[in-house]
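Chemist: Got a structure for you, written out below as structure tokens; questions coming shortly.
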Amino acid sequence: MTIGVVIVTFRCRDLALAALRSLEARAPELLQTTVVVDNASFDGTVEAVRAAFPAVTVVEHRRNLGFAAAVNRGIDALPNADVICLLNPDAELLDDGIFAAATYLEAHPDVGVLGGRILNPDGSIQPSARAFPSHKNALFNRHSLLTKLFPGNRWSRQYLMTDWSHDDIRPVDWVSGAFMLIHRRALEAVGPFDPAYFFSIEDVDFCRRVHDAGLRVEYFPGAAVRHRVGGSSRKAVYRAMAGHHRGMWRYYRKHFRGNPLLHAVTAAGIGLRFALHAVSYALRAGRARLLGREAP
């Protein structure tokens, strides 16, 4: 069994080097089957990775293709890998559980995708295994006001799957692409990631297609990373926000059926959500600059 690792970078040289150092420390033999796909960073990422990790394959793009398309390029560069691990550049391996996860995938032919345990920098569990989105998530998603004010409400708990300790293996709807292991059988069943998703939601879409193909998606706590949310998108915050919301609309159009009025309301809601997030970030960033602090 061969394990390949794909890391997509965009203007995050130091984070990418830290991610690779964690791979070198926990699973050094995988460096030879690791591909870094750089989306036109032009910040020294490509040169730094090649200098520090000569065994790693670097695919350099002269323009930003988006996350999903870059993942596909990385997978294409690993034609002999039985298991592909997607690792965000703002994530670091905390153990060598990637081998146990790959072995589990190989031993369970009805499973197509595994998501590992993802921890916040403070050691708390990051809600990386969730239920599929529905219209209720407009009010009860991870960043919504109602979830922040009432974190124990049952709708937020159902979507974020916070009602269990995340200590056991179990089937879930979807897992985060920040640390996702994909067996080759899943790619053969559903094809590559949808390149129309520029940034975000591509993991939800891929897992839904895996489910539709009759394979399972599972959470696997035996492999862990520490993930700094947003670390890899800080140099293009508004573009990342726009990509996320465009991805929400694409996911809705692909996987939901409704009347024209519902479509219009959904589109308006997604647009309003983007506007509120952009304004909120602009205010927080402006306040940080006034106080001489780093932007959020």
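In the structure tokens, each chain is lettered A, B, ... as it comes, each chain's residues begin at 1, and ligands are numbered from 1 in order of appearance.
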Applying 6 Å and only C-alpha atoms, which residues near A:Val58 remain after dropping the ones on its own chain fewer than 5 positions away? List them as a list in words.

Modeler: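 Listing them by chain and then by number gives Val35, Val36 and Val37 of chain A.
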
Chemist: What does the file look like for those residues with N, CA, C and O atoms, as a PDB file, in the first residue's frame?

Modeler:
ATOM      1  N   VAL A  35       3.393  15.723  -2.389  1.00  0.00           N
ATOM      2  CA  VAL A  35       3.346  16.707  -3.470  1.00  0.00           C
ATOM      3  C   VAL A  35       2.845  18.029  -2.899  1.00  0.00           C
ATOM      4  O   VAL A  35       1.771  18.080  -2.281  1.00  0.00           O
ATOM      5  N   VAL A  36       3.614  19.076  -3.072  1.00  0.00           N
ATOM      6  CA  VAL A  36       3.181  20.430  -2.731  1.00  0.00           C
ATOM      7  C   VAL A  36       2.764  21.117  -4.021  1.00  0.00           C
ATOM      8  O   VAL A  36       3.565  21.239  -4.951  1.00  0.00           O
ATOM      9  N   VAL A  37       1.516  21.529  -4.077  1.00  0.00           N
ATOM     10  CA  VAL A  37       0.993  22.228  -5.252  1.00  0.00           C
ATOM     11  C   VAL A  37       0.855  23.697  -4.881  1.00  0.00           C
ATOM     12  O   VAL A  37       0.043  24.056  -4.019  1.00  0.00           O
TER      13      VAL A  37
END

Chemist: Using only C-alpha atoms, determine which residues lie at most 12 Å from A:Ala196, disregarding the query and same-chain residues fewer than 5 positions distant; provide the list as a ChimeraX atom specification.

Modeler: /A:65-70,72,201-202,205,243-244,246-251,254

Chemist: Take the residues from that selection and write them out as a compact mmCIF listing (two decimals), in the first residue's frame, keeping all heavy atoms.

Modeler:
# COMPACT_ATOMS: atom_id res chain seq x y z
N LEU A 65 -5.23 28.48 -9.25
CA LEU A 65 -6.29 27.65 -9.83
C LEU A 65 -7.43 27.38 -8.86
O LEU A 65 -8.47 26.85 -9.26
CB LEU A 65 -5.71 26.30 -10.26
CG LEU A 65 -4.55 26.32 -11.25
CD1 LEU A 65 -4.12 24.89 -11.57
CD2 LEU A 65 -4.93 27.06 -12.51
N GLY A 66 -7.25 27.73 -7.59
CA GLY A 66 -8.22 27.36 -6.58
C GLY A 66 -7.82 26.06 -5.91
O GLY A 66 -6.99 25.29 -6.44
N PHE A 67 -8.41 25.79 -4.76
CA PHE A 67 -8.00 24.63 -3.97
C PHE A 67 -8.34 23.31 -4.64
O PHE A 67 -7.50 22.42 -4.76
CB PHE A 67 -8.66 24.69 -2.58
CG PHE A 67 -8.28 23.56 -1.68
CD1 PHE A 67 -7.06 23.54 -1.04
CD2 PHE A 67 -9.15 22.49 -1.49
CE1 PHE A 67 -6.69 22.49 -0.21
CE2 PHE A 67 -8.80 21.43 -0.66
CZ PHE A 67 -7.57 21.43 -0.02
N ALA A 68 -9.58 23.16 -5.10
CA ALA A 68 -10.02 21.87 -5.65
C ALA A 68 -9.20 21.49 -6.88
O ALA A 68 -8.75 20.34 -7.01
CB ALA A 68 -11.51 21.92 -5.99
N ALA A 69 -8.99 22.43 -7.79
CA ALA A 69 -8.21 22.13 -9.00
C ALA A 69 -6.78 21.78 -8.64
O ALA A 69 -6.17 20.89 -9.25
CB ALA A 69 -8.25 23.32 -9.95
N ALA A 70 -6.22 22.46 -7.63
CA ALA A 70 -4.85 22.17 -7.21
C ALA A 70 -4.75 20.79 -6.57
O ALA A 70 -3.78 20.06 -6.79
CB ALA A 70 -4.37 23.24 -6.24
N ASN A 72 -6.53 18.27 -7.37
CA ASN A 72 -6.57 17.32 -8.49
C ASN A 72 -5.20 17.19 -9.16
O ASN A 72 -4.79 16.09 -9.55
CB ASN A 72 -7.61 17.76 -9.52
CG ASN A 72 -9.04 17.64 -9.00
OD1 ASN A 72 -9.30 16.90 -8.05
ND2 ASN A 72 -9.95 18.36 -9.61
N ILE A 201 -15.98 24.22 0.63
CA ILE A 201 -17.18 23.45 0.28
C ILE A 201 -16.86 22.28 -0.65
O ILE A 201 -17.66 21.36 -0.81
CB ILE A 201 -18.30 24.33 -0.34
CG1 ILE A 201 -18.51 25.59 0.48
CG2 ILE A 201 -19.62 23.57 -0.41
CD1 ILE A 201 -18.94 25.36 1.90
N GLU A 202 -15.67 22.28 -1.27
CA GLU A 202 -15.31 21.15 -2.14
C GLU A 202 -15.24 19.84 -1.37
O GLU A 202 -15.54 18.78 -1.92
CB GLU A 202 -13.98 21.41 -2.86
CG GLU A 202 -12.74 21.40 -1.99
CD GLU A 202 -12.63 22.62 -1.10
OE1 GLU A 202 -12.87 23.74 -1.58
OE2 GLU A 202 -12.30 22.44 0.10
N ASP A 205 -18.89 18.62 -0.91
CA ASP A 205 -19.37 18.09 -2.18
C ASP A 205 -18.77 16.72 -2.48
O ASP A 205 -19.47 15.79 -2.89
CB ASP A 205 -19.01 19.08 -3.30
CG ASP A 205 -19.36 18.56 -4.68
OD1 ASP A 205 -20.55 18.62 -5.05
OD2 ASP A 205 -18.45 18.06 -5.38
N GLY A 243 -15.00 33.02 -2.24
CA GLY A 243 -14.96 31.65 -2.73
C GLY A 243 -15.82 30.72 -1.90
O GLY A 243 -16.49 29.82 -2.43
N HIS A 244 -15.80 30.93 -0.58
CA HIS A 244 -16.61 30.10 0.31
C HIS A 244 -18.09 30.26 0.00
O HIS A 244 -18.82 29.27 -0.11
CB HIS A 244 -16.34 30.50 1.76
CG HIS A 244 -17.16 29.76 2.76
ND1 HIS A 244 -16.93 28.44 3.09
CD2 HIS A 244 -18.24 30.13 3.50
CE1 HIS A 244 -17.81 28.05 3.99
NE2 HIS A 244 -18.62 29.05 4.25
N ARG A 246 -19.50 31.47 -2.80
CA ARG A 246 -19.82 30.94 -4.13
C ARG A 246 -19.93 29.42 -4.07
O ARG A 246 -20.77 28.81 -4.75
CB ARG A 246 -18.74 31.35 -5.13
CG ARG A 246 -18.83 32.78 -5.60
CD ARG A 246 -18.03 33.00 -6.89
NE ARG A 246 -16.63 32.64 -6.73
CZ ARG A 246 -15.67 33.48 -6.36
NH1 ARG A 246 -15.97 34.75 -6.11
NH2 ARG A 246 -14.42 33.07 -6.26
N GLY A 247 -19.07 28.80 -3.26
CA GLY A 247 -19.14 27.35 -3.09
C GLY A 247 -20.44 26.92 -2.45
O GLY A 247 -21.01 25.88 -2.83
N MET A 248 -20.93 27.70 -1.49
CA MET A 248 -22.22 27.38 -0.87
C MET A 248 -23.32 27.37 -1.92
O MET A 248 -24.17 26.47 -1.93
CB MET A 248 -22.54 28.41 0.22
CG MET A 248 -21.64 28.34 1.43
SD MET A 248 -21.90 29.72 2.58
CE MET A 248 -23.58 29.40 3.11
N TRP A 249 -23.32 28.36 -2.81
CA TRP A 249 -24.36 28.45 -3.84
C TRP A 249 -24.24 27.31 -4.83
O TRP A 249 -25.24 26.71 -5.24
CB TRP A 249 -24.27 29.81 -4.53
CG TRP A 249 -25.23 30.00 -5.66
CD1 TRP A 249 -24.93 30.34 -6.94
CD2 TRP A 249 -26.67 29.88 -5.62
NE1 TRP A 249 -26.08 30.44 -7.71
CE2 TRP A 249 -27.15 30.17 -6.92
CE3 TRP A 249 -27.59 29.56 -4.61
CZ2 TRP A 249 -28.51 30.13 -7.24
CZ3 TRP A 249 -28.94 29.53 -4.93
CH2 TRP A 249 -29.39 29.81 -6.22
N ARG A 250 -23.00 26.96 -5.21
CA ARG A 250 -22.82 25.86 -6.15
C ARG A 250 -23.30 24.55 -5.52
O ARG A 250 -23.95 23.74 -6.18
CB ARG A 250 -21.35 25.74 -6.57
CG ARG A 250 -21.12 24.54 -7.49
CD ARG A 250 -19.80 24.56 -8.21
NE ARG A 250 -19.66 23.40 -9.09
CZ ARG A 250 -20.22 23.29 -10.28
NH1 ARG A 250 -20.97 24.26 -10.76
NH2 ARG A 250 -20.05 22.20 -11.02
N TYR A 251 -22.96 24.34 -4.25
CA TYR A 251 -23.38 23.11 -3.58
C TYR A 251 -24.91 23.04 -3.54
O TYR A 251 -25.50 21.98 -3.81
CB TYR A 251 -22.82 23.07 -2.16
CG TYR A 251 -23.22 21.84 -1.38
CD1 TYR A 251 -22.47 20.67 -1.48
CD2 TYR A 251 -24.34 21.83 -0.55
CE1 TYR A 251 -22.83 19.53 -0.78
CE2 TYR A 251 -24.72 20.71 0.15
CZ TYR A 251 -23.96 19.56 0.04
OH TYR A 251 -24.32 18.43 0.73
N LYS A 254 -26.26 22.09 -6.97
CA LYS A 254 -25.96 20.72 -7.38
C LYS A 254 -26.80 19.69 -6.63
O LYS A 254 -27.19 18.67 -7.20
CB LYS A 254 -24.47 20.41 -7.13
CG LYS A 254 -23.53 20.93 -8.17
CD LYS A 254 -22.09 20.49 -7.89
CE LYS A 254 -21.90 19.00 -8.08
NZ LYS A 254 -20.46 18.62 -7.97

Chemist: One decimal, in Å: what's the spacing between atom CA of A:Ala264 and atom CA of A:Ala242?

Modeler: 18.4 Å

Chemist: Counting only C-alpha atoms, which of A:Val217, A:Ala285, A:Met241, A:Ala52 gets nearest to A:Leu181?

Modeler: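 Distance minimum relative to A:Leu181 lands on A:Val217.
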
Chemist: Which is closest to A:Asn64 among A:Ile3, A:Ala236, A:Ala223, A:Leu114, if we use only C-alpha atoms?

Modeler: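 For A:Asn64, the nearest of the candidates is A:Ala236.
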
Chemist: Go through A:Pro260, A:Pro133, A:Gly191, A:Gly292 and flag the residue nearest A:Trp155, using only C-alpha atoms for the distances.

Modeler: A:Pro133

Chemist: Step one, run DSSP on the backbone; step two, keep only residues of stretch 101-296 of chain A assigned to alpha helix (DSSP H); then write them as JSON, numbers by chain.

Modeler: {"A": [101, 102, 103, 104, 105, 106, 107, 137, 138, 139, 140, 145, 146, 147, 148, 149, 154, 155, 156, 157, 158, 159, 160, 184, 185, 186, 187, 188, 189, 190, 202, 203, 204, 205, 206, 207, 208, 209, 210, 211, 212, 237, 238, 239, 240, 241, 242, 243, 244, 245, 246, 247, 248, 249, 250, 251, 252, 253, 254, 255, 260, 261, 262, 263, 264, 265, 266, 267, 268, 269, 270, 271, 272, 273, 274, 275, 276, 277, 278, 279, 280, 281, 282, 283, 284, 285, 286, 287, 288, 289, 290]}

Chemist: Find the spatial neighbours of A:Thr33, counting only C-alpha atoms, within a cut-off of 10 Å - ignore same-chain residues fewer than 4 positions away - and output them as a PyMOL selection string.

Modeler: chain A and resi 2-6+29+55-57+77-78+80-81+84

Chemist: Print the selection's residues with C-alpha atoms to a file, as a short mmCIF file (atom, residue, chain, number, x, y, z; two decimals), in the first residue's frame.

Modeler:
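This is the output file again-v9.cif:
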data_model
loop_
_atom_site.label_atom_id
_atom_site.label_comp_id
_atom_site.auth_asym_id
_atom_site.auth_seq_id
_atom_site.Cartn_x
_atom_site.Cartn_y
_atom_site.Cartn_z
CA THR A 2 1.36 3.39 -1.00
CA ILE A 3 0.34 6.60 0.78
CA GLY A 4 0.60 9.96 -0.96
CA VAL A 5 0.26 13.39 0.66
CA VAL A 6 -1.03 16.50 -1.11
CA GLU A 29 9.15 8.04 4.72
CA ALA A 55 12.48 14.67 -1.69
CA VAL A 56 9.14 16.46 -1.97
CA THR A 57 7.63 16.98 -5.42
CA ALA A 77 1.11 13.50 -9.63
CA LEU A 78 0.60 10.42 -7.42
CA ASN A 80 0.51 4.88 -7.81
CA ALA A 81 -0.83 5.98 -4.43
CA ILE A 84 -4.19 10.09 -0.71
#

Chemist: So how many Å separate atom CA of A:Thr266 and atom CA of A:His135, to one decimal?

Modeler: 8.0 Å

Chemist: At a cut-off of 12 Å, using only C-alpha atoms, what residues contact A:Leu20? Leave out same-chain residues fewer than 4 positions from it and give the result as JSON, numbers by chain.

Modeler: {"A": [5, 6, 7, 8, 9, 13, 14, 15, 16, 24, 25, 26, 27, 28, 29, 30, 31, 32, 34, 35, 36, 45, 48, 49, 50, 52, 53, 54, 55, 56, 57, 87, 88, 89, 90, 91, 92, 93]}

Chemist: Taking only C-alpha atoms into account, name the residue in A:Ala186, A:Ala275, A:Ile75, A:Ala288 that is nearest to A:His211.

Modeler: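 For A:His211, the nearest of the candidates is A:Ala186.
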
Chemist: Considering only C-alpha atoms, can you say which of A:Arg293, A:Arg21, A:Arg184, A:Arg117 comes closest to A:Asp76?

Modeler: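 Result for the nearest residue to A:Asp76: A:Arg184.
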
Chemist: Extract, using only C-alpha atoms, all DNA, RNA and protein residues at most 9 Å from A:Asp173, discarding same-chain residues fewer than 3 positions from it, and format them as a list in words.

Modeler: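 The filter keeps Ala129, Arg130, Ala131, Phe132, Val204, Cys207, Arg208, His211, Arg216, Val217 and Glu218 of chain A.
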
Chemist: Counting only C-alpha atoms, figure out which residue out of A:Gly74, A:Pro296, A:Gly269, A:Pro221 gets nearest to A:Asp95.

Modeler: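 Checking each candidate against A:Asp95, we get A:Pro221 as the closest.
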
Chemist: Excluding same-chain residues fewer than 4 positions from stretch 160-166 of chain A, what lies within 12 Å of it counting only C-alpha atoms, as a compact mmCIF listing (two decimals) with N, CA and C atoms, in the first residue's frame?

Modeler:
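Saved result, part.txt, follows:
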# COMPACT_ATOMS: atom_id res chain seq x y z
N GLY A 115 -11.74 10.98 7.90
CA GLY A 115 -11.30 12.26 8.44
C GLY A 115 -10.65 12.02 9.78
N GLY A 116 -9.48 12.61 10.00
CA GLY A 116 -8.79 12.42 11.27
C GLY A 116 -9.27 13.38 12.34
N ARG A 117 -8.70 13.22 13.53
CA ARG A 117 -9.00 14.12 14.65
C ARG A 117 -8.27 15.44 14.39
N ILE A 118 -9.01 16.53 14.38
CA ILE A 118 -8.43 17.85 14.16
C ILE A 118 -8.61 18.68 15.43
N LEU A 119 -7.49 19.20 15.92
CA LEU A 119 -7.49 19.98 17.15
C LEU A 119 -7.20 21.45 16.86
N SER A 124 -8.35 21.93 21.94
CA SER A 124 -9.77 21.54 21.90
C SER A 124 -10.11 20.91 20.56
N ILE A 125 -11.19 20.14 20.55
CA ILE A 125 -11.64 19.48 19.33
C ILE A 125 -12.21 20.50 18.34
N GLN A 126 -11.76 20.44 17.11
CA GLN A 126 -12.32 21.26 16.05
C GLN A 126 -13.45 20.47 15.38
N PRO A 127 -14.62 21.07 15.22
CA PRO A 127 -15.75 20.32 14.62
C PRO A 127 -15.53 20.06 13.14
N SER A 128 -14.78 19.02 12.84
CA SER A 128 -14.37 18.73 11.47
C SER A 128 -15.15 17.60 10.83
N ALA A 129 -16.02 16.95 11.59
CA ALA A 129 -16.91 15.91 11.05
C ALA A 129 -18.33 16.39 11.31
N ARG A 130 -19.11 16.54 10.25
CA ARG A 130 -20.41 17.19 10.40
C ARG A 130 -21.49 16.50 9.58
N ALA A 131 -22.72 16.96 9.83
CA ALA A 131 -23.85 16.51 9.02
C ALA A 131 -23.88 17.34 7.74
N PHE A 132 -24.54 16.81 6.72
CA PHE A 132 -24.64 17.57 5.48
C PHE A 132 -25.43 18.86 5.70
N PRO A 133 -25.07 19.94 5.01
CA PRO A 133 -25.76 21.22 5.19
C PRO A 133 -27.22 21.14 4.76
N ASN A 137 -28.78 25.56 8.36
CA ASN A 137 -27.42 25.96 8.67
C ASN A 137 -27.18 27.45 8.46
N PHE A 140 -27.64 28.15 12.03
CA PHE A 140 -27.00 27.34 13.06
C PHE A 140 -25.66 26.74 12.61
N ASN A 141 -24.92 27.46 11.75
CA ASN A 141 -23.60 26.98 11.36
C ASN A 141 -22.57 27.38 12.41
N ARG A 142 -21.31 27.01 12.16
CA ARG A 142 -20.27 27.21 13.17
C ARG A 142 -20.06 28.68 13.52
N HIS A 143 -20.23 29.58 12.53
CA HIS A 143 -19.94 30.99 12.75
C HIS A 143 -21.19 31.84 12.97
N SER A 144 -22.37 31.22 13.01
CA SER A 144 -23.59 32.01 13.11
C SER A 144 -23.74 32.62 14.50
N THR A 147 -25.44 30.26 17.02
CA THR A 147 -24.54 29.24 17.56
C THR A 147 -23.62 29.83 18.62
N PRO A 151 -24.62 28.01 22.11
CA PRO A 151 -23.84 26.90 21.54
C PRO A 151 -24.42 25.53 21.84
N GLY A 152 -25.29 25.43 22.83
CA GLY A 152 -25.85 24.14 23.17
C GLY A 152 -27.16 23.83 22.48
N ASN A 153 -27.63 24.70 21.56
CA ASN A 153 -28.91 24.43 20.92
C ASN A 153 -28.81 23.19 20.05
N ARG A 154 -29.93 22.47 19.93
CA ARG A 154 -29.88 21.14 19.32
C ARG A 154 -29.60 21.19 17.83
N TRP A 155 -29.96 22.29 17.14
CA TRP A 155 -29.73 22.37 15.69
C TRP A 155 -28.24 22.54 15.39
N SER A 156 -27.57 23.38 16.17
CA SER A 156 -26.13 23.54 15.99
C SER A 156 -25.41 22.26 16.38
N ARG A 170 -16.58 6.34 13.64
CA ARG A 170 -18.01 6.27 13.33
C ARG A 170 -18.31 6.90 11.97
N PRO A 171 -19.37 6.41 11.32
CA PRO A 171 -19.78 7.01 10.04
C PRO A 171 -20.29 8.44 10.27
N VAL A 172 -19.95 9.32 9.36
CA VAL A 172 -20.41 10.71 9.40
C VAL A 172 -20.81 11.12 7.99
N ASP A 173 -21.39 12.30 7.85
CA ASP A 173 -21.76 12.77 6.51
C ASP A 173 -20.54 13.26 5.74
N TRP A 174 -19.79 14.20 6.36
CA TRP A 174 -18.61 14.72 5.66
C TRP A 174 -17.54 15.10 6.66
N VAL A 175 -16.31 15.14 6.15
CA VAL A 175 -15.17 15.49 6.98
C VAL A 175 -14.36 16.58 6.29
N SER A 176 -13.62 17.32 7.08
CA SER A 176 -12.88 18.46 6.58
C SER A 176 -11.71 18.05 5.69
N GLU A 218 -16.05 8.16 7.11
CA GLU A 218 -15.96 7.90 8.54
C GLU A 218 -14.97 8.85 9.21
N TYR A 219 -15.21 9.04 10.51
CA TYR A 219 -14.29 9.80 11.35
C TYR A 219 -13.36 8.82 12.03
N PHE A 220 -12.04 9.12 12.01
CA PHE A 220 -11.03 8.20 12.54
C PHE A 220 -10.16 8.97 13.53
N PRO A 221 -10.37 8.78 14.84
CA PRO A 221 -9.65 9.57 15.83
C PRO A 221 -8.20 9.15 16.06
N GLY A 222 -7.79 8.06 15.43
CA GLY A 222 -6.44 7.55 15.66
C GLY A 222 -5.34 8.28 14.93
N ALA A 223 -5.70 9.31 14.17
CA ALA A 223 -4.72 10.15 13.48
C ALA A 223 -5.09 11.60 13.76
N ALA A 224 -4.14 12.39 14.24
CA ALA A 224 -4.48 13.73 14.71
C ALA A 224 -3.56 14.80 14.13

Chemist: Counting only C-alpha atoms, what is within 9 Å of A:Leu105, bar same-chain residues fewer than 6 positions away, as a list in words?

Modeler: Val83, Val111, Gly112, Val113, Leu114, Leu181, Ile182 and His183 of chain A
